[in-house]
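Chemist: Data: run24.pdb, PDB, C-alpha atoms and all ligand atoms.
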```pdb
MODEL        1
ATOM      1  CA  PHE A   1      22.171 -31.663   2.135
ATOM      2  CA  ALA A   2      22.865 -31.508   5.829
ATOM      3  CA  SER A   3      22.683 -27.737   5.719
ATOM      4  CA  TYR A   4      18.993 -27.970   4.840
ATOM      5  CA  PHE A   5      18.237 -29.519   8.203
ATOM      6  CA  PHE A   6      19.922 -26.702  10.042
ATOM      7  CA  MET A   7      18.943 -23.886   7.740
ATOM      8  CA  THR A   8      17.848 -20.852   9.669
ATOM      9  CA  ARG A   9      15.421 -18.446   8.104
ATOM     10  CA  GLY A  10      16.779 -15.515   6.122
ATOM     11  CA  THR A  11      16.877 -11.925   7.239
ATOM     12  CA  LEU A  12      14.080  -9.529   6.297
ATOM     13  CA  ILE A  13      15.350  -6.014   5.576
ATOM     14  CA  ALA A  14      13.124  -3.070   4.632
ATOM     15  CA  ILE A  15      14.520   0.110   3.120
ATOM     16  CA  GLU A  16      12.332   3.133   3.618
ATOM     17  CA  GLY A  17      12.820   6.742   2.753
ATOM     18  CA  LEU A  18      11.299   9.880   1.414
ATOM     19  CA  ASP A  19      11.217  10.305  -2.336
ATOM     20  CA  ARG A  20      14.599  11.198  -3.874
ATOM     21  CA  THR A  21      16.736  10.180  -0.919
ATOM     22  CA  GLY A  22      18.651   7.758  -3.139
ATOM     23  CA  LYS A  23      16.644   4.829  -1.804
ATOM     24  CA  THR A  24      16.716   2.795  -4.982
ATOM     25  CA  THR A  25      20.475   3.362  -5.446
ATOM     26  CA  GLN A  26      21.145   2.251  -1.877
ATOM     27  CA  THR A  27      18.865  -0.753  -2.240
ATOM     28  CA  THR A  28      20.853  -1.897  -5.291
ATOM     29  CA  LYS A  29      24.122  -1.329  -3.443
ATOM     30  CA  LEU A  30      22.952  -3.298  -0.426
ATOM     31  CA  ILE A  31      21.778  -6.187  -2.584
ATOM     32  CA  ASN A  32      25.137  -6.366  -4.381
ATOM     33  CA  ARG A  33      27.018  -6.307  -1.112
ATOM     34  CA  LEU A  34      24.818  -9.015   0.424
ATOM     35  CA  ALA A  35      25.438 -11.176  -2.655
ATOM     36  CA  GLN A  36      29.205 -10.594  -2.369
ATOM     37  CA  ASP A  37      28.873 -11.616   1.261
ATOM     38  CA  GLY A  38      27.517 -14.964   0.052
ATOM     39  CA  LYS A  39      23.859 -14.326   0.758
ATOM     40  CA  ASP A  40      21.137 -15.619  -1.497
ATOM     41  CA  VAL A  41      19.267 -12.344  -1.812
ATOM     42  CA  GLU A  42      15.903 -11.397  -3.243
ATOM     43  CA  LEU A  43      14.499  -7.909  -3.857
ATOM     44  CA  ILE A  44      10.818  -7.074  -3.575
ATOM     45  CA  LYS A  45       9.869  -3.549  -4.478
ATOM     46  CA  PHE A  46       6.651  -1.986  -3.177
ATOM     47  CA  PRO A  47       4.428  -0.981  -4.718
ATOM     48  CA  GLU A  48       4.873  -4.094  -6.884
ATOM     49  CA  ARG A  49       3.363  -2.473  -9.954
ATOM     50  CA  THR A  50       2.991  -5.576 -12.156
ATOM     51  CA  THR A  51       0.249  -7.437 -10.240
ATOM     52  CA  ALA A  52      -3.457  -6.796 -10.881
ATOM     53  CA  ILE A  53      -3.621  -4.458  -7.881
ATOM     54  CA  GLY A  54      -0.193  -3.031  -8.680
ATOM     55  CA  LYS A  55      -1.371  -1.934 -12.115
ATOM     56  CA  ILE A  56      -4.128   0.173 -10.582
ATOM     57  CA  ILE A  57      -1.605   1.660  -8.138
ATOM     58  CA  ASN A  58       0.716   2.511 -11.017
ATOM     59  CA  THR A  59      -2.085   4.302 -12.853
ATOM     60  CA  TYR A  60      -2.988   6.151  -9.654
ATOM     61  CA  LEU A  61       0.607   7.302  -9.133
ATOM     62  CA  THR A  62       1.389   8.316 -12.692
ATOM     63  CA  ASP A  63      -1.951   9.740 -13.838
ATOM     64  CA  LYS A  64      -2.951  12.621 -11.601
ATOM     65  CA  THR A  65      -6.403  12.772 -13.225
ATOM     66  CA  PHE A  66      -7.172   9.196 -12.053
ATOM     67  CA  GLN A  67      -9.867   9.426  -9.372
ATOM     68  CA  LEU A  68      -9.521   7.287  -6.255
ATOM     69  CA  SER A  69     -10.396   8.167  -2.681
ATOM     70  CA  ASP A  70      -7.474   8.344  -0.264
ATOM     71  CA  GLU A  71      -8.934   5.415   1.687
ATOM     72  CA  SER A  72      -9.254   3.249  -1.430
ATOM     73  CA  ALA A  73      -5.715   4.065  -2.505
ATOM     74  CA  HIS A  74      -4.451   3.195   0.950
ATOM     75  CA  LEU A  75      -6.187  -0.176   1.020
ATOM     76  CA  LEU A  76      -4.865  -1.015  -2.446
ATOM     77  CA  PHE A  77      -1.269  -0.315  -1.363
ATOM     78  CA  SER A  78      -1.844  -2.552   1.673
ATOM     79  CA  ALA A  79      -3.493  -5.279  -0.426
ATOM     80  CA  ASN A  80      -0.465  -5.122  -2.722
ATOM     81  CA  ARG A  81       1.755  -6.013   0.258
ATOM     82  CA  TRP A  82      -0.593  -8.839   1.287
ATOM     83  CA  GLU A  83      -0.414 -10.204  -2.277
ATOM     84  CA  LEU A  84       3.308 -10.788  -1.690
ATOM     85  CA  SER A  85       3.252 -11.807   1.988
ATOM     86  CA  GLN A  86       3.287 -15.568   1.456
ATOM     87  CA  LYS A  87       6.136 -15.183  -1.043
ATOM     88  CA  ILE A  88       8.123 -13.271   1.597
ATOM     89  CA  TYR A  89       7.591 -16.028   4.178
ATOM     90  CA  ASP A  90       8.526 -18.702   1.627
ATOM     91  CA  LEU A  91      11.744 -16.932   0.610
ATOM     92  CA  LEU A  92      12.758 -16.462   4.247
ATOM     93  CA  ASP A  93      12.010 -20.126   4.959
ATOM     94  CA  GLN A  94      14.300 -21.047   2.069
ATOM     95  CA  GLY A  95      17.063 -19.155   3.862
ATOM     96  CA  LYS A  96      17.020 -16.178   1.526
ATOM     97  CA  THR A  97      17.791 -12.640   2.574
ATOM     98  CA  VAL A  98      14.837 -10.534   1.459
ATOM     99  CA  VAL A  99      15.212  -6.817   0.818
ATOM    100  CA  LEU A 100      12.025  -4.766   0.599
ATOM    101  CA  ASP A 101      12.238  -1.422  -1.224
ATOM    102  CA  ARG A 102       9.427   0.329   0.728
ATOM    103  CA  TYR A 103       6.951  -1.476   2.957
ATOM    104  CA  VAL A 104       4.348  -0.972   5.704
ATOM    105  CA  TYR A 105       5.990   2.238   6.922
ATOM    106  CA  SER A 106       5.628   4.021   3.581
ATOM    107  CA  GLY A 107       2.073   2.773   3.519
ATOM    108  CA  VAL A 108       1.217   4.388   6.826
ATOM    109  CA  ALA A 109       3.358   7.514   6.382
ATOM    110  CA  TYR A 110       2.121   8.542   2.927
ATOM    111  CA  SER A 111      -1.545   7.976   3.700
ATOM    112  CA  SER A 112      -1.546   9.520   7.176
ATOM    113  CA  ALA A 113       0.291  12.528   5.693
ATOM    114  CA  LYS A 114      -2.897  13.118   3.692
ATOM    115  CA  GLY A 115      -4.880  13.331   6.912
ATOM    116  CA  LEU A 116      -6.085   9.754   7.390
ATOM    117  CA  LEU A 117      -5.798   8.512  10.956
ATOM    118  CA  PHE A 118      -2.441   6.874  11.693
ATOM    119  CA  ASP A 119      -3.962   3.849  13.474
ATOM    120  CA  TRP A 120      -6.543   3.346  10.752
ATOM    121  CA  CYS A 121      -3.722   3.346   8.205
ATOM    122  CA  TYR A 122      -1.680   0.878  10.240
ATOM    123  CA  SER A 123      -4.409  -1.695  10.851
ATOM    124  CA  PRO A 124      -4.704  -3.348   7.396
ATOM    125  CA  ASP A 125      -0.951  -4.032   7.511
ATOM    126  CA  ILE A 126      -1.054  -5.670  10.955
ATOM    127  CA  GLY A 127       0.068  -9.267  10.555
ATOM    128  CA  LEU A 128       2.448  -8.780   7.634
ATOM    129  CA  PRO A 129       5.937 -10.221   8.197
ATOM    130  CA  ARG A 130       7.893  -7.889  10.479
ATOM    131  CA  PRO A 131      11.316  -6.798   9.181
ATOM    132  CA  ASP A 132      14.392  -7.598  11.285
ATOM    133  CA  VAL A 133      15.595  -4.127  10.393
ATOM    134  CA  VAL A 134      14.035  -1.066   8.770
ATOM    135  CA  ILE A 135      16.652   1.262   7.297
ATOM    136  CA  PHE A 136      15.150   4.743   6.966
ATOM    137  CA  LEU A 137      16.931   7.164   4.626
ATOM    138  CA  LYS A 138      16.218  10.727   5.623
ATOM    139  CA  PHE A 139      17.246  14.347   5.211
ATOM    140  CA  LYS A 140      18.087  16.449   8.197
ATOM    141  CA  GLU A 141      17.443  19.642   6.295
ATOM    142  CA  GLU A 142      14.098  20.579   4.818
ATOM    143  CA  GLU A 143      15.610  22.501   1.912
ATOM    144  CA  ASN A 144      16.531  19.165   0.366
ATOM    145  CA  PHE A 145      12.883  18.766  -0.478
ATOM    146  CA  GLU A 146      13.518  21.442  -3.104
ATOM    147  CA  ARG A 147      16.040  19.147  -4.785
ATOM    148  CA  GLU A 148      15.793  18.642  -8.489
ATOM    149  CA  GLY A 149      13.583  15.799  -9.634
ATOM    150  CA  PHE A 150      10.482  16.337  -7.586
ATOM    151  CA  GLY A 151       7.230  16.599  -9.432
ATOM    152  CA  ASP A 152       7.066  13.534 -11.656
ATOM    153  CA  GLU A 153       4.576  11.576  -9.621
ATOM    154  CA  ARG A 154       1.548  12.282  -7.475
ATOM    155  CA  TYR A 155       3.302  12.580  -4.103
ATOM    156  CA  GLU A 156       6.471  14.330  -5.192
ATOM    157  CA  VAL A 157       5.702  17.767  -3.846
ATOM    158  CA  ALA A 158       8.075  19.292  -1.291
ATOM    159  CA  GLU A 159       5.335  20.385   1.114
ATOM    160  CA  PHE A 160       3.790  16.921   1.119
ATOM    161  CA  GLN A 161       7.159  15.214   1.618
ATOM    162  CA  GLN A 162       7.635  17.245   4.780
ATOM    163  CA  LYS A 163       4.342  15.863   6.123
ATOM    164  CA  VAL A 164       5.368  12.336   5.188
ATOM    165  CA  LYS A 165       8.619  12.789   7.078
ATOM    166  CA  ILE A 166       6.716  13.707  10.255
ATOM    167  CA  GLN A 167       4.624  10.536   9.953
ATOM    168  CA  PHE A 168       7.662   8.329   9.311
ATOM    169  CA  GLU A 169       9.258   9.685  12.499
ATOM    170  CA  LYS A 170       6.437   8.089  14.504
ATOM    171  CA  PHE A 171       8.096   4.712  13.910
ATOM    172  CA  SER A 172      11.408   5.842  15.377
ATOM    173  CA  GLY A 173      10.671   4.188  18.755
ATOM    174  CA  GLN A 174      10.528   0.699  17.209
ATOM    175  CA  ASP A 175      13.605  -1.381  17.995
ATOM    176  CA  ASN A 176      14.063  -2.405  14.350
ATOM    177  CA  TRP A 177      14.060   1.239  13.130
ATOM    178  CA  LYS A 178      17.464   2.520  11.962
ATOM    179  CA  PRO A 179      17.646   6.065  10.555
ATOM    180  CA  VAL A 180      20.408   7.025   8.111
ATOM    181  CA  PHE A 181      21.017  10.707   7.354
ATOM    182  CA  VAL A 182      21.913  11.298   3.718
ATOM    183  CA  ASP A 183      22.637  15.069   3.784
ATOM    184  CA  GLY A 184      26.086  15.986   2.499
ATOM    185  CA  LYS A 185      27.112  12.347   2.062
ATOM    186  CA  ASN A 186      28.059  10.613  -1.158
ATOM    187  CA  ILE A 187      26.686   7.263  -2.309
ATOM    188  CA  GLU A 188      29.619   5.331  -0.828
ATOM    189  CA  GLU A 189      29.312   6.992   2.574
ATOM    190  CA  VAL A 190      25.590   6.348   2.789
ATOM    191  CA  GLY A 191      26.248   2.785   1.606
ATOM    192  CA  GLU A 192      28.604   2.202   4.523
ATOM    193  CA  LEU A 193      26.008   3.462   6.997
ATOM    194  CA  VAL A 194      23.322   1.260   5.441
ATOM    195  CA  TRP A 195      25.641  -1.744   5.671
ATOM    196  CA  LYS A 196      26.337  -1.002   9.331
ATOM    197  CA  CYS A 197      22.583  -0.955  10.055
ATOM    198  CA  TYR A 198      22.353  -4.415   8.521
ATOM    199  CA  THR A 199      25.375  -5.888  10.306
ATOM    200  CA  ASP A 200      24.339  -4.396  13.666
ATOM    201  CA  ALA A 201      20.863  -5.878  13.271
ATOM    202  CA  THR A 202      22.102  -9.347  12.407
ATOM    203  CA  LYS A 203      24.955  -9.546  14.884
ATOM    204  CA  GLN A 204      24.424 -12.455  17.219
ATOM    205  CA  ALA A 205      25.797 -10.650  20.211
ATOM    206  CA  LEU A 206      26.897 -12.967  22.997
ATOM    207  CA  GLY A 207      26.083 -11.215  26.221
ATOM    208  CA  PRO A 208      28.364 -11.597  29.212
ATOM    209  CA  VAL A 209      27.320 -13.737  32.171
ATOM    210  CA  GLN A 210      25.833 -11.301  34.634
ATOM    211  CA  ASN A 211      26.514 -11.394  38.347
ATOM    212  CA  GLY A 212      23.345 -12.550  40.116
ATOM    213  CA  GLU A 213      21.590 -13.818  36.969
TER     214      GLU A 213
HETATM  215  P1  LIG B 301       8.514   4.539  -5.418
HETATM  216  O1  LIG B 301       8.233   3.613  -6.587
HETATM  217  O2  LIG B 301       9.355   3.897  -4.340
HETATM  218  O3  LIG B 301       9.014   5.870  -5.869
HETATM  219  O4  LIG B 301       7.090   4.791  -4.731
HETATM  220  C1  LIG B 301       6.099   5.409  -5.469
HETATM  221  C2  LIG B 301       5.336   6.409  -4.659
HETATM  222  O5  LIG B 301       4.315   5.748  -3.917
HETATM  223  C3  LIG B 301       6.155   7.195  -3.663
HETATM  224  O6  LIG B 301       5.755   8.567  -3.736
HETATM  225  C4  LIG B 301       5.778   6.616  -2.340
HETATM  226  C5  LIG B 301       4.382   6.133  -2.555
HETATM  227  N1  LIG B 301       4.044   4.963  -1.765
HETATM  228  C6  LIG B 301       4.753   3.821  -1.662
HETATM  229  N2  LIG B 301       4.124   2.930  -0.912
HETATM  230  C7  LIG B 301       2.975   3.530  -0.521
HETATM  231  C8  LIG B 301       1.880   3.112   0.272
HETATM  232  O7  LIG B 301       1.822   2.001   0.774
HETATM  233  N3  LIG B 301       0.873   4.003   0.445
HETATM  234  C9  LIG B 301       0.886   5.222  -0.124
HETATM  235  N4  LIG B 301      -0.155   6.033   0.080
HETATM  236  N5  LIG B 301       1.903   5.654  -0.873
HETATM  237  C10 LIG B 301       2.938   4.816  -1.067
HETATM  238 NA    NA B 302       9.424   7.903  -5.645
HETATM  239 NA    NA B 303       8.900   8.455  -8.247
ENDMDL
END
```
Would you mind writing the file's structure down as structure tokens?

Modeler:
Amino acid sequence: FASYFFMTRGTLIAIEGLDRTGKTTQTTKLINRLAQDGKDVELIKFPERTTAIGKIINTYLTDKTFQLSDESAHLLFSANRWELSQKIYDLLDQGKTVVLDRYVYSGVAYSSAKGLLFDWCYSPDIGLPRPDVVIFLKFKEEENFEREGFGDERYEVAEFQQKVKIQFEKFSGQDNWKPVFVDGKNIEEVGELVWKCYTDATKQALGPVQNGE
């Protein structure tokens, strides 16, 4: 019981990436490793397609004939994150490690890639819980956008993915932003890099006493 009194909040980890970068595979791997490490871990995948708003988003993504303005779609994706925001805070308060498969950054990148203003896209997400670390899976080489598997859903077009990549890069100055290059690496190798992003972010580095401090 004593541990409850001293329980620190859990770590909030977001995994971001372009479509078909192996994001879901790496998310699963990370979750398993966190559990092995003794963490009580919870996954939240965005869009969360089972809520009332999530169902509309799912229809929008899978049915290309479904009509929705870019602005409306954007606000629905954001609202979908707000639907889960209290749950995220609660889980963290309970000491759980929360892994988000996509988050704010996908929200801004995908919509601004369509031509909506970056700041306009960002503003409805202002105030959501800020991840301790955002692990961004990316390709160095554009030809990977031609990889097999594109084309199933609305956004899975190589040319569009390139635009999304440019928008994602705008977050690279944030101190919680950790890029991981996936080109030419197998699942295990990428997994190691993802794990290092997590451990680096959560390390409680003791700084040395500085002369003159
Ligand atoms: P996924 O289930 O991770 O494959 O994501 C589904 C698609 O939705 C994918 O192409 C990325 C896109 N997406 C995810 N989150 C958002 C968002 O917040 N806004 C927009 N416009 N697209 C998003
Ligand atoms: Na996808
Ligand atoms: Na998909």

Chemist: Within 8 Å of ligand NA 303 (chain B), which residues of chain A show up? Give each one with its shortest atom-to-atom distance in Å (one decimal) and the two atoms involved, counting all atoms listed in the file, rows by chain then rising residue number, as CSV.

Modeler:
```
residue,atom,partner,partner_atom,distance
A:Asp19,CA,B:NA303,NA,6.6
A:Arg20,CA,B:NA303,NA,7.7
A:Asp152,CA,B:NA303,NA,6.4
A:Glu153,CA,B:NA303,NA,5.5
A:Glu156,CA,B:NA303,NA,7.1
```

Chemist: Keeping only C-alpha atoms, write the selected residues to a file as a short mmCIF file (atom, residue, chain, number, x, y, z; two decimals), keeping the file's coordinate frame.

Modeler:
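As a result, out-v8.cif now contains:
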```
data_model
loop_
_atom_site.label_atom_id
_atom_site.label_comp_id
_atom_site.auth_asym_id
_atom_site.auth_seq_id
_atom_site.Cartn_x
_atom_site.Cartn_y
_atom_site.Cartn_z
CA ASP A 19 11.22 10.30 -2.34
CA ARG A 20 14.60 11.20 -3.87
CA ASP A 152 7.07 13.53 -11.66
CA GLU A 153 4.58 11.58 -9.62
CA GLU A 156 6.47 14.33 -5.19
#
```

Chemist: All residues within 12 Å of ligand NA 302 (chain B) are required, counting only C-alpha atoms and all ligand atoms; please report them as a compact mmCIF listing (two decimals) with C-alpha atoms, in the coordinates of the input.

Modeler:
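The resulting pocket-v7.txt:
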```txt
# COMPACT_ATOMS: atom_id res chain seq x y z
CA GLU A 16 12.33 3.13 3.62
CA GLY A 17 12.82 6.74 2.75
CA LEU A 18 11.30 9.88 1.41
CA ASP A 19 11.22 10.30 -2.34
CA ARG A 20 14.60 11.20 -3.87
CA THR A 21 16.74 10.18 -0.92
CA GLY A 22 18.65 7.76 -3.14
CA LYS A 23 16.64 4.83 -1.80
CA THR A 24 16.72 2.80 -4.98
CA THR A 25 20.48 3.36 -5.45
CA LYS A 45 9.87 -3.55 -4.48
CA PHE A 46 6.65 -1.99 -3.18
CA PRO A 47 4.43 -0.98 -4.72
CA ASN A 58 0.72 2.51 -11.02
CA LEU A 61 0.61 7.30 -9.13
CA THR A 62 1.39 8.32 -12.69
CA ASP A 101 12.24 -1.42 -1.22
CA ARG A 102 9.43 0.33 0.73
CA SER A 106 5.63 4.02 3.58
CA TYR A 110 2.12 8.54 2.93
CA GLY A 149 13.58 15.80 -9.63
CA PHE A 150 10.48 16.34 -7.59
CA GLY A 151 7.23 16.60 -9.43
CA ASP A 152 7.07 13.53 -11.66
CA GLU A 153 4.58 11.58 -9.62
CA ARG A 154 1.55 12.28 -7.48
CA TYR A 155 3.30 12.58 -4.10
CA GLU A 156 6.47 14.33 -5.19
CA VAL A 157 5.70 17.77 -3.85
CA GLN A 161 7.16 15.21 1.62
```

Chemist: Looking at only C-alpha atoms and all ligand atoms, which of A:Val98, A:Val164, A:Leu34, A:Val133 is the one that sits closest to ligand LIG 301 (chain B)?

Modeler: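 Distance minimum relative to ligand LIG 301 (chain B) lands on A:Val164.
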
Chemist: Selected by the PyMOL selection byres (((chain A and resi 195) around 12) and not hetatm) in the shown coordinates: which residues, as a PyMOL selection string?

Modeler: chain A and resi 13+15+26-34+37+133+135+178+180+188-194+196-202

Chemist: Pull out every residue that the PyMOL selection byres (((chain A and resi 43) around 7) and not hetatm) matches in the shown coordinates and put them as a PDB file with C-alpha atoms, in the frame of the given file.

Modeler:
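Generated output (part.pdb):
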```
ATOM      1  CA  VAL A  41      19.267 -12.344  -1.812  1.00  0.00           C
ATOM      2  CA  GLU A  42      15.903 -11.397  -3.243  1.00  0.00           C
ATOM      3  CA  ILE A  44      10.818  -7.074  -3.575  1.00  0.00           C
ATOM      4  CA  LYS A  45       9.869  -3.549  -4.478  1.00  0.00           C
ATOM      5  CA  VAL A  98      14.837 -10.534   1.459  1.00  0.00           C
ATOM      6  CA  VAL A  99      15.212  -6.817   0.818  1.00  0.00           C
ATOM      7  CA  LEU A 100      12.025  -4.766   0.599  1.00  0.00           C
TER       8      LEU A 100
END
```

Chemist: Would you work out the distance separating CA of Ala14 in chain A from CA of Phe66 in chain A, expressed in Å to one decimal?

Modeler: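 Rounded to one decimal, the two atoms are 29.0 Å apart.
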
Chemist: Taking all atoms listed in the file into account, name the residue in A:Ile56, A:Leu206, A:Leu12, A:Ala113 that is nearest to ligand LIG 301 (chain B).

Modeler: A:Ala113

Chemist: Specify as a PyMOL selection string each residue included when the PyMOL selection byres (((chain A and resi 107) around 10) and not hetatm) is applied to this file.

Modeler: chain A and resi 46-47+73-78+81+102-106+108-112+121-122+124-125+168

Chemist: How many Å separate CA of Trp177 in chain A from CA of Phe136 in chain A?

Modeler: 7.2 Å

Chemist: How far is it from CA of Glu159 in chain A to atom N2 of ligand LIG 301 (chain B), in Å with one decimal?

Modeler: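 Atom-to-atom, CA of Glu159 in chain A to atom N2 of ligand LIG 301 (chain B), that is 17.6 Å.
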
Chemist: Which one of A:Lys55, A:Gln94, A:Ala35, A:Ala79 sits closest to Arg9 in chain A if you count all atoms listed in the file?

Modeler: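 Counting all atoms listed in the file, the residue closest to Arg9 in chain A is A:Gln94.
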
Chemist: The centre and edge lengths of an axis-aligned box containing all atoms of ligand LIG 301 (chain B) present in the file, extended by 8 Å on each side, are to be given in Å to one decimal, as lines of an AutoDock Vina configuration file.

Modeler:
```
center_x = 4.6
center_y = 5.3
center_z = -2.9
size_x = 25.5
size_y = 22.6
size_z = 23.4
```

Chemist: I need the residue nearest ligand LIG 301 (chain B) from this list: A:Ile57, A:Val209, A:Met7, A:Ile126. Use all atoms listed in the file for the distance.

Modeler: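 Among the listed residues, A:Ile57 lies closest to ligand LIG 301 (chain B).
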
Chemist: Using all atoms listed in the file for the distances, tell me which of A:Pro129, A:Asp183, A:Gly207, A:Lys140 is nearest to Leu91 in chain A.

Modeler: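 Comparing A:Pro129, A:Asp183, A:Gly207, A:Lys140 against Leu91 in chain A, the winner is A:Pro129.
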
Chemist: Using only C-alpha atoms for the distances, tell me which of A:Thr8, A:Ser123, A:Ser172, A:Asn80 is nearest to Gly54 in chain A.

Modeler: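 Nearest candidate to Gly54 in chain A out of A:Thr8, A:Ser123, A:Ser172, A:Asn80: A:Asn80.
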